[in-house]
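Asker: Dropping in protein_22.txt, which is compact mmCIF, C-alpha atoms and all ligand atoms:
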# COMPACT_ATOMS: atom_id res chain seq x y z
CA MET A 24 27.08 13.93 -13.96
CA THR A 25 23.95 12.46 -15.51
CA LYS A 26 20.73 12.39 -13.52
CA LYS A 27 19.78 8.89 -14.59
CA THR A 28 21.43 5.51 -14.08
CA THR A 29 20.50 2.60 -16.33
CA PRO A 30 16.83 3.21 -17.15
CA ASP A 31 14.47 1.32 -14.86
CA GLU A 32 17.11 -1.09 -13.54
CA VAL A 33 16.26 -0.20 -9.95
CA ALA A 34 12.50 -0.11 -10.56
CA THR A 35 12.66 -3.54 -12.21
CA ALA A 36 14.50 -4.99 -9.20
CA TYR A 37 11.94 -3.50 -6.81
CA ASP A 38 9.09 -4.87 -8.92
CA VAL A 39 10.50 -8.32 -8.13
CA TRP A 40 11.24 -7.46 -4.47
CA SER A 41 7.68 -6.16 -3.96
CA ASP A 42 6.29 -9.68 -3.49
CA VAL A 43 8.48 -10.28 -0.43
CA TYR A 44 9.55 -6.80 0.74
CA ASP A 45 7.16 -6.83 3.69
CA THR A 46 7.69 -10.45 4.69
CA GLN A 47 11.41 -11.23 4.40
CA ARG A 48 13.55 -10.47 7.45
CA ASN A 49 14.88 -6.92 7.07
CA ALA A 50 16.41 -5.18 10.08
CA THR A 51 17.13 -2.03 8.05
CA ARG A 52 13.47 -1.65 7.04
CA ASP A 53 12.35 -2.23 10.63
CA LEU A 54 14.81 0.21 12.21
CA ASP A 55 13.79 2.89 9.69
CA ALA A 56 10.17 2.61 10.85
CA ILE A 57 11.27 3.02 14.47
CA ILE A 58 13.38 6.09 13.66
CA LEU A 59 10.64 7.75 11.60
CA GLN A 60 8.03 7.21 14.29
CA ALA A 61 10.34 8.63 16.95
CA GLN A 62 10.53 12.04 15.25
CA ALA A 63 8.64 15.00 16.66
CA PRO A 64 4.93 14.44 15.85
CA SER A 65 4.65 17.99 14.46
CA LEU A 66 7.01 17.02 11.63
CA PHE A 67 4.35 15.04 9.79
CA ARG A 68 1.16 17.01 10.52
CA GLY A 69 1.08 19.23 7.44
CA ASP A 70 1.21 18.56 3.71
CA VAL A 71 3.71 15.72 3.45
CA LEU A 72 5.62 14.40 0.45
CA GLU A 73 6.94 10.85 0.73
CA LEU A 74 9.78 10.10 -1.67
CA GLY A 75 10.17 6.42 -2.57
CA CYS A 76 7.23 5.14 -0.53
CA GLY A 77 7.78 1.51 -1.59
CA THR A 78 5.13 -0.87 -0.26
CA GLY A 79 3.83 1.83 2.04
CA LYS A 80 5.34 0.75 5.36
CA ASN A 81 5.73 4.41 6.33
CA THR A 82 2.80 5.64 4.21
CA GLU A 83 0.35 3.72 6.39
CA TRP A 84 1.76 5.41 9.49
CA LEU A 85 1.96 8.88 7.94
CA ALA A 86 -1.50 8.89 6.31
CA PRO A 87 -3.63 9.44 9.43
CA ARG A 88 -1.20 12.05 10.77
CA ALA A 89 -0.70 14.26 7.71
CA ARG A 90 -3.13 16.90 6.40
CA SER A 91 -2.31 15.56 2.94
CA LEU A 92 0.13 12.96 1.69
CA LEU A 93 1.64 12.62 -1.78
CA ALA A 94 3.62 9.38 -2.15
CA LEU A 95 5.98 8.86 -5.08
CA ASP A 96 7.80 5.73 -6.20
CA GLY A 97 9.35 4.45 -9.40
CA SER A 98 8.25 0.83 -9.03
CA GLU A 99 4.73 0.06 -10.19
CA LYS A 100 4.55 -3.13 -8.13
CA MET A 101 5.83 -1.54 -4.91
CA LEU A 102 3.15 1.14 -5.38
CA LYS A 103 0.48 -1.49 -5.94
CA ARG A 104 1.29 -2.97 -2.52
CA ALA A 105 1.23 0.48 -0.94
CA ARG A 106 -2.22 1.23 -2.37
CA GLU A 107 -3.55 -1.97 -0.75
CA ARG A 108 -2.63 -0.81 2.78
CA PRO A 109 -5.45 0.07 5.17
CA GLY A 110 -6.19 3.75 5.79
CA VAL A 111 -4.46 5.15 2.70
CA GLN A 112 -7.55 6.09 0.67
CA GLN A 113 -6.73 9.81 0.90
CA VAL A 114 -3.09 9.34 -0.14
CA ARG A 115 -2.19 10.44 -3.66
CA PHE A 116 0.13 7.77 -5.07
CA VAL A 117 2.09 8.61 -8.21
CA GLN A 118 4.54 6.45 -10.11
CA HIS A 119 7.47 8.76 -10.66
CA ASP A 120 11.24 8.61 -11.12
CA LEU A 121 12.73 10.91 -8.48
CA ARG A 122 15.55 11.80 -10.86
CA GLU A 123 12.99 13.74 -12.91
CA PRO A 124 11.30 16.98 -11.73
CA TRP A 125 8.82 16.03 -9.01
CA PRO A 126 5.13 16.29 -9.91
CA THR A 127 4.24 18.99 -7.41
CA GLY A 128 4.42 22.77 -7.30
CA ASP A 129 6.91 25.14 -5.75
CA ALA A 130 6.38 25.63 -1.98
CA SER A 131 3.58 23.05 -1.95
CA HIS A 132 4.66 20.95 1.06
CA ASP A 133 5.56 21.36 4.72
CA THR A 134 7.66 18.22 4.96
CA ALA A 135 9.39 15.82 2.59
CA THR A 136 10.58 12.46 3.87
CA CYS A 137 12.88 10.06 2.07
CA ASN A 138 13.58 6.66 3.65
CA LEU A 139 15.99 4.03 2.33
CA VAL A 140 15.98 5.43 -1.19
CA LEU A 141 19.05 7.59 -1.80
CA GLU A 142 21.56 4.75 -2.09
CA HIS A 143 19.86 4.11 -5.44
CA ILE A 144 20.26 7.68 -6.69
CA GLU A 145 23.66 8.85 -7.83
CA ASP A 146 23.04 12.59 -8.14
CA LEU A 147 22.07 13.93 -4.73
CA SER A 148 22.20 17.56 -5.87
CA PHE A 149 19.04 17.16 -7.96
CA ILE A 150 17.17 15.57 -5.04
CA PHE A 151 18.12 18.34 -2.64
CA SER A 152 17.34 21.14 -5.07
CA GLU A 153 13.91 19.61 -5.73
CA ALA A 154 13.35 19.27 -1.97
CA ARG A 155 14.10 22.94 -1.52
CA ARG A 156 11.82 23.87 -4.42
CA VAL A 157 8.76 21.98 -3.16
CA LEU A 158 9.09 22.97 0.50
CA ARG A 159 7.49 26.01 2.04
CA PRO A 160 9.69 28.40 4.04
CA GLY A 161 10.30 26.70 7.39
CA GLY A 162 9.54 23.33 5.80
CA ALA A 163 11.50 20.20 6.71
CA PHE A 164 13.43 17.64 4.69
CA PHE A 165 13.95 14.39 6.60
CA ILE A 166 16.04 11.52 5.30
CA CYS A 167 16.82 8.16 6.87
CA GLU A 168 19.28 6.14 4.82
CA LEU A 169 21.67 3.22 4.97
CA HIS A 170 24.66 4.57 6.91
CA PRO A 171 27.74 5.34 4.77
CA PHE A 172 29.84 3.34 7.27
CA ARG A 173 27.76 0.26 6.46
CA GLN A 174 28.03 0.98 2.77
CA LEU A 175 31.81 1.01 3.23
CA GLN A 176 31.49 -2.43 4.81
CA GLY A 177 29.99 -3.59 1.51
CA LYS A 178 26.34 -3.57 2.62
CA GLN A 179 23.64 -2.55 0.16
CA ALA A 180 19.95 -3.16 -0.50
CA HIS A 181 19.41 -6.86 -1.20
CA PHE A 182 16.76 -9.55 -0.98
CA VAL A 183 16.23 -13.21 -1.70
CA ASN A 184 14.70 -13.36 -5.17
CA PRO A 185 11.48 -15.33 -4.66
CA GLU A 186 11.73 -16.83 -8.16
CA SER A 187 15.38 -17.95 -8.19
CA GLY A 188 15.97 -18.30 -4.43
CA THR A 189 19.28 -16.43 -4.82
CA VAL A 190 20.36 -13.21 -3.13
CA GLN A 191 19.85 -10.24 -5.46
CA THR A 192 21.40 -6.84 -4.88
CA VAL A 193 19.93 -3.60 -6.18
CA ARG A 194 22.19 -1.10 -7.91
CA SER A 195 23.45 1.40 -5.35
CA HIS A 196 25.86 4.30 -4.98
CA LEU A 197 28.09 5.22 -2.07
CA HIS A 198 27.21 8.52 -0.42
CA ASP A 199 29.58 9.80 2.23
CA VAL A 200 28.20 11.85 5.10
CA SER A 201 29.83 14.89 3.50
CA ASP A 202 27.95 14.19 0.24
CA TYR A 203 24.63 14.57 2.06
CA LEU A 204 25.79 17.64 3.97
CA ASN A 205 27.21 19.40 0.91
CA ALA A 206 24.22 18.61 -1.31
CA ALA A 207 21.95 20.16 1.30
CA LEU A 208 24.26 23.13 1.83
CA ASP A 209 24.41 23.80 -1.91
CA ALA A 210 20.61 23.67 -2.06
CA GLY A 211 20.35 26.24 0.73
CA LEU A 212 18.92 23.94 3.41
CA VAL A 213 19.92 24.32 7.05
CA LEU A 214 20.81 21.27 9.11
CA ALA A 215 18.52 20.92 12.14
CA ARG A 216 19.35 17.44 13.50
CA ALA A 217 21.68 14.50 12.83
CA GLN A 218 21.43 10.98 14.20
CA ASP A 219 23.52 7.83 13.81
CA CYS A 220 21.10 4.96 14.35
CA ARG A 221 22.28 1.65 15.81
CA ASP A 222 20.38 -1.58 16.33
CA ASP A 223 21.36 -1.35 20.00
CA GLU A 224 22.06 2.20 21.14
CA THR A 225 24.04 0.90 24.13
CA GLU A 226 26.57 -0.70 21.75
CA ARG A 227 28.55 2.47 21.07
CA MET A 228 31.32 0.61 19.24
CA SER A 229 28.96 -0.96 16.69
CA VAL A 230 28.69 0.50 13.20
CA PRO A 231 25.44 2.49 12.86
CA ARG A 232 22.90 0.92 10.52
CA LEU A 233 21.20 4.15 9.44
CA ILE A 234 21.86 7.85 9.28
CA ALA A 235 18.95 10.23 9.87
CA LEU A 236 19.26 13.90 8.95
CA LEU A 237 16.76 16.73 9.19
CA TRP A 238 17.04 20.04 7.37
CA ARG A 239 14.91 23.17 7.30
CA LYS A 240 14.27 25.49 4.40
CA PRO A 241 14.95 29.04 5.64
C1 LIG A 301 14.25 0.08 0.19
S1 LIG A 301 12.79 0.68 -0.58
C2 LIG A 301 12.21 1.77 0.69
C3 LIG A 301 10.72 1.93 0.64
C4 LIG A 301 10.14 2.71 1.81
N1 LIG A 301 10.59 4.09 1.80
C5 LIG A 301 10.50 2.05 3.12
O1 LIG A 301 11.16 2.70 3.93
O2 LIG A 301 10.13 0.90 3.31
C6 LIG A 301 13.40 1.82 -1.82
C7 LIG A 301 12.31 2.38 -2.69
O3 LIG A 301 12.85 3.47 -3.44
C8 LIG A 301 12.32 3.42 -4.74
N2 LIG A 301 13.23 4.10 -5.66
C9 LIG A 301 14.55 3.88 -5.84
N3 LIG A 301 15.05 4.69 -6.78
C10 LIG A 301 14.02 5.46 -7.19
C11 LIG A 301 13.88 6.50 -8.16
N4 LIG A 301 14.89 6.93 -8.90
N5 LIG A 301 12.66 7.06 -8.33
C12 LIG A 301 11.59 6.64 -7.60
N6 LIG A 301 11.66 5.66 -6.67
C13 LIG A 301 12.85 5.08 -6.49
C14 LIG A 301 12.18 1.94 -5.04
O4 LIG A 301 11.26 1.68 -6.07
C15 LIG A 301 11.75 1.39 -3.68
O5 LIG A 301 10.36 1.32 -3.57
The structure in this file should be written as structure tokens.
Ligand SMILES: C[S@@+](CC[C@H](N)C(=O)[O-])C[C@H]1O[C@@H](n2cnc3c(N)ncnc32)[C@H](O)[C@@H]1O
Answerer:
Amino acid sequence: MTKKTTPDEVATAYDVWSDVYDTQRNATRDLDAIILQAQAPSLFRGDVLELGCGTGKNTEWLAPRARSLLALDGSEKMLKRARERPGVQQVRFVQHDLREPWPTGDASHDTATCNLVLEHIEDLSFIFSEARRVLRPGGAFFICELHPFRQLQGKQAHFVNPESGTVQTVRSHLHDVSDYLNAALDAGLVLARAQDCRDDETERMSVPRLIALLWRKP
């Protein structure tokens, strides 16, 4: 399997989305923020790596909590928005394609977090092996992603293109729950927590919007 999809197709779409990512109605984006902020505070106190930081919705929240924060994203215009957020002066932002070796050393981080990104990346094995490489022993890899059940309902990242006024989808790949679990297992990470995240937790029969998974590096 190749590590890359069509070069820059996703980044180009997010460059366009960047103008309206923070302002258009987006229940997936909003639930992700709630889920991230509900994690144990200790998870984000050390040296944190944010994968696919986008416009910095989570970066702004992580920055004052982390000892250091490295935020990577492939879209120049999403990153530009993130850099404009308040309180992120100490954050190191780097434009980087996550399908290429990450620009940080072995065992350099305590936590890596990846939110609403992996539907755009076909080869999960590379992501998980890089996560293992950059984490310190005992380090955590947290992901919060569009739930595979919703993907099976035909849902994927989309927005109203501000130029054309039409709905634009962004290239995405289906990942089953087992794909995440096996990629992590193959990389040698140990599952610590799993959560199916619904808009209304009392609606047990509703399809979860997000899946949140936490692994530890032994
Ligand atoms: C839906 S946004 C999520 C942004 C942010 N994590 C959040 O929760 O709001 C997905 C982000 O992933 C980035 N992304 C997707 N594929 C990527 C890749 N291969 N390398 C780097 N960034 C990528 C996009 O540029 C975009 O900013």
Asker: So how many Å separate atom CA of Leu214 of chain A and atom CA of Gly75 of chain A, to one decimal?
Answerer: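 A separation of 21.7 Å between them.
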Asker: Using only C-alpha atoms and all ligand atoms, determine which residues fall within 9 Å of ligand LIG 301 (chain A), then list them as a compact mmCIF listing (two decimals) with C-alpha atoms, keeping the file's coordinate frame.
Answerer:
# COMPACT_ATOMS: atom_id res chain seq x y z
CA LYS A 27 19.78 8.89 -14.59
CA THR A 28 21.43 5.51 -14.08
CA ASP A 31 14.47 1.32 -14.86
CA VAL A 33 16.26 -0.20 -9.95
CA ALA A 34 12.50 -0.11 -10.56
CA THR A 35 12.66 -3.54 -12.21
CA ALA A 36 14.50 -4.99 -9.20
CA TYR A 37 11.94 -3.50 -6.81
CA ASP A 38 9.09 -4.87 -8.92
CA TRP A 40 11.24 -7.46 -4.47
CA SER A 41 7.68 -6.16 -3.96
CA TYR A 44 9.55 -6.80 0.74
CA ASP A 45 7.16 -6.83 3.69
CA THR A 51 17.13 -2.03 8.05
CA ARG A 52 13.47 -1.65 7.04
CA ASP A 53 12.35 -2.23 10.63
CA ASP A 55 13.79 2.89 9.69
CA ALA A 56 10.17 2.61 10.85
CA GLU A 73 6.94 10.85 0.73
CA LEU A 74 9.78 10.10 -1.67
CA GLY A 75 10.17 6.42 -2.57
CA CYS A 76 7.23 5.14 -0.53
CA GLY A 77 7.78 1.51 -1.59
CA THR A 78 5.13 -0.87 -0.26
CA GLY A 79 3.83 1.83 2.04
CA LYS A 80 5.34 0.75 5.36
CA ASN A 81 5.73 4.41 6.33
CA THR A 82 2.80 5.64 4.21
CA LEU A 95 5.98 8.86 -5.08
CA ASP A 96 7.80 5.73 -6.20
CA GLY A 97 9.35 4.45 -9.40
CA SER A 98 8.25 0.83 -9.03
CA GLU A 99 4.73 0.06 -10.19
CA LYS A 100 4.55 -3.13 -8.13
CA MET A 101 5.83 -1.54 -4.91
CA LEU A 102 3.15 1.14 -5.38
CA GLN A 118 4.54 6.45 -10.11
CA HIS A 119 7.47 8.76 -10.66
CA ASP A 120 11.24 8.61 -11.12
CA LEU A 121 12.73 10.91 -8.48
CA ARG A 122 15.55 11.80 -10.86
CA GLU A 123 12.99 13.74 -12.91
CA THR A 136 10.58 12.46 3.87
CA CYS A 137 12.88 10.06 2.07
CA ASN A 138 13.58 6.66 3.65
CA LEU A 139 15.99 4.03 2.33
CA VAL A 140 15.98 5.43 -1.19
CA LEU A 141 19.05 7.59 -1.80
CA GLU A 142 21.56 4.75 -2.09
CA HIS A 143 19.86 4.11 -5.44
CA ILE A 144 20.26 7.68 -6.69
CA CYS A 167 16.82 8.16 6.87
CA GLU A 168 19.28 6.14 4.82
CA ALA A 180 19.95 -3.16 -0.50
CA HIS A 181 19.41 -6.86 -1.20
Asker: Looking at all atoms listed in the file, which of A:Gly188, A:Gly110, A:Pro231, A:Pro124 is the one that sits closest to Phe172 of chain A?
Answerer: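 Closest candidate: A:Pro231.
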Asker: What is the distance, in Å and to one decimal place, between atom CA of Phe151 of chain A and atom CA of Thr134 of chain A?
Answerer: 12.9 Å
Asker: Starting from the point (14.9, 9.6, 11.4), work out which residues of protein, DNA or RNA have an atom no more than 10 Å away when counting only C-alpha atoms; state them as a PyMOL selection string.
Answerer: chain A and resi 54-63+136-138+165-168+216-220+233-237
Asker: Can you write out the residues you just picked, keeping C-alpha atoms, as an mmCIF file, in the frame of the given file?
Answerer:
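And here's part16.cif as it stands now:
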data_model
loop_
_atom_site.group_PDB
_atom_site.id
_atom_site.type_symbol
_atom_site.label_atom_id
_atom_site.label_comp_id
_atom_site.auth_asym_id
_atom_site.auth_seq_id
_atom_site.Cartn_x
_atom_site.Cartn_y
_atom_site.Cartn_z
ATOM 1 C CA LEU A 54 14.810 0.210 12.210
ATOM 2 C CA ASP A 55 13.790 2.890 9.690
ATOM 3 C CA ALA A 56 10.170 2.610 10.850
ATOM 4 C CA ILE A 57 11.270 3.020 14.470
ATOM 5 C CA ILE A 58 13.380 6.090 13.660
ATOM 6 C CA LEU A 59 10.640 7.750 11.600
ATOM 7 C CA GLN A 60 8.030 7.210 14.290
ATOM 8 C CA ALA A 61 10.340 8.630 16.950
ATOM 9 C CA GLN A 62 10.530 12.040 15.250
ATOM 10 C CA ALA A 63 8.640 15.000 16.660
ATOM 11 C CA THR A 136 10.580 12.460 3.870
ATOM 12 C CA CYS A 137 12.880 10.060 2.070
ATOM 13 C CA ASN A 138 13.580 6.660 3.650
ATOM 14 C CA PHE A 165 13.950 14.390 6.600
ATOM 15 C CA ILE A 166 16.040 11.520 5.300
ATOM 16 C CA CYS A 167 16.820 8.160 6.870
ATOM 17 C CA GLU A 168 19.280 6.140 4.820
ATOM 18 C CA ARG A 216 19.350 17.440 13.500
ATOM 19 C CA ALA A 217 21.680 14.500 12.830
ATOM 20 C CA GLN A 218 21.430 10.980 14.200
ATOM 21 C CA ASP A 219 23.520 7.830 13.810
ATOM 22 C CA CYS A 220 21.100 4.960 14.350
ATOM 23 C CA LEU A 233 21.200 4.150 9.440
ATOM 24 C CA ILE A 234 21.860 7.850 9.280
ATOM 25 C CA ALA A 235 18.950 10.230 9.870
ATOM 26 C CA LEU A 236 19.260 13.900 8.950
ATOM 27 C CA LEU A 237 16.760 16.730 9.190
#
Asker: To one decimal place, how far is atom CA of Gln179 of chain A from atom CA of Thr46 of chain A in Å?
Answerer: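 One can read the atom CA of Gln179 of chain A to atom CA of Thr46 of chain A distance as 18.4 Å.
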Asker: Identify which of the residues A:Ala94, A:Val230, A:Val157, A:Val111 lies closest to Gln174 of chain A, counting all atoms listed in the file when measuring atom-to-atom distances.
Answerer: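 Ranking A:Ala94, A:Val230, A:Val157, A:Val111 by distance to Gln174 of chain A, first place goes to A:Val230.
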Asker: Would you compute the box with edges along x, y and z of the file around segment 209-215 of chain A, including every atom the file lists for it and 5 Å extra on each side, and give its centre and edge lengths in Å to one decimal, as JSON?
Answerer:
{"center_x": 21.5, "center_y": 23.6, "center_z": 5.0, "size_x": 15.9, "size_y": 15.3, "size_z": 24.2}
Asker: Residues at most 10 Å from Leu212 of chain A, counting all atoms listed in the file, excluding those fewer than 2 positions away in the same chain, as a PDB file with C-alpha atoms, in the frame of the given file?
Answerer:
ATOM      1  CA  PHE A 151      18.120  18.340  -2.640  1.00  0.00           C
ATOM      2  CA  SER A 152      17.340  21.140  -5.070  1.00  0.00           C
ATOM      3  CA  ALA A 154      13.350  19.270  -1.970  1.00  0.00           C
ATOM      4  CA  ARG A 155      14.100  22.940  -1.520  1.00  0.00           C
ATOM      5  CA  GLY A 161      10.300  26.700   7.390  1.00  0.00           C
ATOM      6  CA  GLY A 162       9.540  23.330   5.800  1.00  0.00           C
ATOM      7  CA  ALA A 163      11.500  20.200   6.710  1.00  0.00           C
ATOM      8  CA  PHE A 164      13.430  17.640   4.690  1.00  0.00           C
ATOM      9  CA  LEU A 204      25.790  17.640   3.970  1.00  0.00           C
ATOM     10  CA  ASN A 205      27.210  19.400   0.910  1.00  0.00           C
ATOM     11  CA  ALA A 206      24.220  18.610  -1.310  1.00  0.00           C
ATOM     12  CA  ALA A 207      21.950  20.160   1.300  1.00  0.00           C
ATOM     13  CA  LEU A 208      24.260  23.130   1.830  1.00  0.00           C
ATOM     14  CA  ASP A 209      24.410  23.800  -1.910  1.00  0.00           C
ATOM     15  CA  ALA A 210      20.610  23.670  -2.060  1.00  0.00           C
ATOM     16  CA  LEU A 214      20.810  21.270   9.110  1.00  0.00           C
ATOM     17  CA  ALA A 215      18.520  20.920  12.140  1.00  0.00           C
ATOM     18  CA  LEU A 237      16.760  16.730   9.190  1.00  0.00           C
ATOM     19  CA  TRP A 238      17.040  20.040   7.370  1.00  0.00           C
ATOM     20  CA  ARG A 239      14.910  23.170   7.300  1.00  0.00           C
ATOM     21  CA  LYS A 240      14.270  25.490   4.400  1.00  0.00           C
ATOM     22  CA  PRO A 241      14.950  29.040   5.640  1.00  0.00           C
TER      23      PRO A 241
END
Asker: Tell me which of A:Glu107, A:Asp222, A:Glu153, A:Glu145 sits closest to Arg194 of chain A, counting only C-alpha atoms.
Answerer: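 Of all the options, A:Glu145 lies closest to Arg194 of chain A.
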Asker: Neighbouring residues of Glu186 of chain A were defined as those with any atom within 12 Å, considering only C-alpha atoms; residues of the same chain fewer than 5 positions away were excluded. Please report them as a PyMOL selection string.
Answerer: chain A and resi 39-40+42-43+191
Asker: Would you kindly return, as a list in words, each protein, DNA or RNA residue with an atom no farther than 7 Å from any atom of Leu93 of chain A, considering only C-alpha atoms and excluding same-chain residues fewer than 6 positions away?
Answerer: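 So, after excluding close chain neighbours, the residues are Val71, Leu72, Glu73, Val114, Arg115 and Phe116 of chain A.
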Asker: May I have the residues from that selection written out with C-alpha atoms, as a compact mmCIF listing (two decimals), keeping the file's coordinate frame?
Answerer:
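Final output, saved to again-v9.txt:
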# COMPACT_ATOMS: atom_id res chain seq x y z
CA VAL A 71 3.71 15.72 3.45
CA LEU A 72 5.62 14.40 0.45
CA GLU A 73 6.94 10.85 0.73
CA VAL A 114 -3.09 9.34 -0.14
CA ARG A 115 -2.19 10.44 -3.66
CA PHE A 116 0.13 7.77 -5.07
Asker: Reconstruct N, CA and C atoms of segment 154-179 of chain A; output as a PDB file, in the frame of the given file.
Answerer:
ATOM      1  N   ALA A 154      13.916  19.172  -3.333  1.00  0.00           N
ATOM      2  CA  ALA A 154      13.350  19.270  -1.970  1.00  0.00           C
ATOM      3  C   ALA A 154      13.184  20.730  -1.590  1.00  0.00           C
ATOM      4  N   ARG A 155      14.202  21.513  -1.856  1.00  0.00           N
ATOM      5  CA  ARG A 155      14.100  22.940  -1.520  1.00  0.00           C
ATOM      6  C   ARG A 155      12.960  23.601  -2.310  1.00  0.00           C
ATOM      7  N   ARG A 156      12.841  23.257  -3.574  1.00  0.00           N
ATOM      8  CA  ARG A 156      11.820  23.870  -4.420  1.00  0.00           C
ATOM      9  C   ARG A 156      10.409  23.605  -3.900  1.00  0.00           C
ATOM     10  N   VAL A 157      10.143  22.342  -3.506  1.00  0.00           N
ATOM     11  CA  VAL A 157       8.760  21.980  -3.160  1.00  0.00           C
ATOM     12  C   VAL A 157       8.385  22.321  -1.725  1.00  0.00           C
ATOM     13  N   LEU A 158       9.400  22.650  -0.898  1.00  0.00           N
ATOM     14  CA  LEU A 158       9.090  22.970   0.500  1.00  0.00           C
ATOM     15  C   LEU A 158       8.712  24.436   0.674  1.00  0.00           C
ATOM     16  N   ARG A 159       7.828  24.653   1.645  1.00  0.00           N
ATOM     17  CA  ARG A 159       7.490  26.010   2.040  1.00  0.00           C
ATOM     18  C   ARG A 159       8.595  26.550   2.950  1.00  0.00           C
ATOM     19  N   PRO A 160       8.724  27.862   3.071  1.00  0.00           N
ATOM     20  CA  PRO A 160       9.690  28.400   4.040  1.00  0.00           C
ATOM     21  C   PRO A 160       9.413  27.808   5.424  1.00  0.00           C
ATOM     22  N   GLY A 161      10.467  27.355   6.080  1.00  0.00           N
ATOM     23  CA  GLY A 161      10.300  26.700   7.390  1.00  0.00           C
ATOM     24  C   GLY A 161      10.040  25.208   7.268  1.00  0.00           C
ATOM     25  N   GLY A 162       9.836  24.741   6.038  1.00  0.00           N
ATOM     26  CA  GLY A 162       9.540  23.330   5.800  1.00  0.00           C
ATOM     27  C   GLY A 162      10.745  22.441   6.102  1.00  0.00           C
ATOM     28  N   ALA A 163      10.466  21.138   6.259  1.00  0.00           N
ATOM     29  CA  ALA A 163      11.500  20.200   6.710  1.00  0.00           C
ATOM     30  C   ALA A 163      11.773  19.126   5.657  1.00  0.00           C
ATOM     31  N   PHE A 164      13.043  18.784   5.520  1.00  0.00           N
ATOM     32  CA  PHE A 164      13.430  17.640   4.690  1.00  0.00           C
ATOM     33  C   PHE A 164      14.094  16.629   5.597  1.00  0.00           C
ATOM     34  N   PHE A 165      13.442  15.451   5.728  1.00  0.00           N
ATOM     35  CA  PHE A 165      13.950  14.390   6.600  1.00  0.00           C
ATOM     36  C   PHE A 165      14.405  13.228   5.719  1.00  0.00           C
ATOM     37  N   ILE A 166      15.614  12.742   5.988  1.00  0.00           N
ATOM     38  CA  ILE A 166      16.040  11.520   5.300  1.00  0.00           C
ATOM     39  C   ILE A 166      16.509  10.511   6.342  1.00  0.00           C
ATOM     40  N   CYS A 167      16.297   9.243   6.041  1.00  0.00           N
ATOM     41  CA  CYS A 167      16.820   8.160   6.870  1.00  0.00           C
ATOM     42  C   CYS A 167      17.342   7.117   5.885  1.00  0.00           C
ATOM     43  N   GLU A 168      18.656   6.929   5.879  1.00  0.00           N
ATOM     44  CA  GLU A 168      19.280   6.140   4.820  1.00  0.00           C
ATOM     45  C   GLU A 168      20.298   5.160   5.379  1.00  0.00           C
ATOM     46  N   LEU A 169      20.618   4.159   4.581  1.00  0.00           N
ATOM     47  CA  LEU A 169      21.670   3.220   4.970  1.00  0.00           C
ATOM     48  C   LEU A 169      22.937   4.025   5.289  1.00  0.00           C
ATOM     49  N   HIS A 170      23.525   3.754   6.460  1.00  0.00           N
ATOM     50  CA  HIS A 170      24.660   4.570   6.910  1.00  0.00           C
ATOM     51  C   HIS A 170      25.862   4.365   5.979  1.00  0.00           C
ATOM     52  N   PRO A 171      26.535   5.471   5.622  1.00  0.00           N
ATOM     53  CA  PRO A 171      27.740   5.340   4.770  1.00  0.00           C
ATOM     54  C   PRO A 171      28.773   4.369   5.352  1.00  0.00           C
ATOM     55  N   PHE A 172      28.877   4.288   6.675  1.00  0.00           N
ATOM     56  CA  PHE A 172      29.840   3.340   7.270  1.00  0.00           C
ATOM     57  C   PHE A 172      29.479   1.908   6.895  1.00  0.00           C
ATOM     58  N   ARG A 173      28.183   1.617   6.867  1.00  0.00           N
ATOM     59  CA  ARG A 173      27.760   0.260   6.460  1.00  0.00           C
ATOM     60  C   ARG A 173      27.984   0.047   4.970  1.00  0.00           C
ATOM     61  N   GLN A 174      27.743   1.108   4.208  1.00  0.00           N
ATOM     62  CA  GLN A 174      28.030   0.980   2.770  1.00  0.00           C
ATOM     63  C   GLN A 174      29.507   0.649   2.558  1.00  0.00           C
ATOM     64  N   LEU A 175      30.371   1.276   3.367  1.00  0.00           N
ATOM     65  CA  LEU A 175      31.810   1.010   3.230  1.00  0.00           C
ATOM     66  C   LEU A 175      32.164  -0.402   3.666  1.00  0.00           C
ATOM     67  N   GLN A 176      31.293  -1.019   4.443  1.00  0.00           N
ATOM     68  CA  GLN A 176      31.490  -2.430   4.810  1.00  0.00           C
ATOM     69  C   GLN A 176      30.969  -3.363   3.716  1.00  0.00           C
ATOM     70  N   GLY A 177      30.465  -2.777   2.630  1.00  0.00           N
ATOM     71  CA  GLY A 177      29.990  -3.590   1.510  1.00  0.00           C
ATOM     72  C   GLY A 177      28.506  -3.898   1.559  1.00  0.00           C
ATOM     73  N   LYS A 178      27.783  -3.305   2.527  1.00  0.00           N
ATOM     74  CA  LYS A 178      26.340  -3.570   2.620  1.00  0.00           C
ATOM     75  C   LYS A 178      25.577  -2.724   1.605  1.00  0.00           C
ATOM     76  N   GLN A 179      24.523  -3.284   1.052  1.00  0.00           N
ATOM     77  CA  GLN A 179      23.640  -2.550   0.160  1.00  0.00           C
ATOM     78  C   GLN A 179      22.279  -3.246   0.146  1.00  0.00           C
TER      79      GLN A 179
END
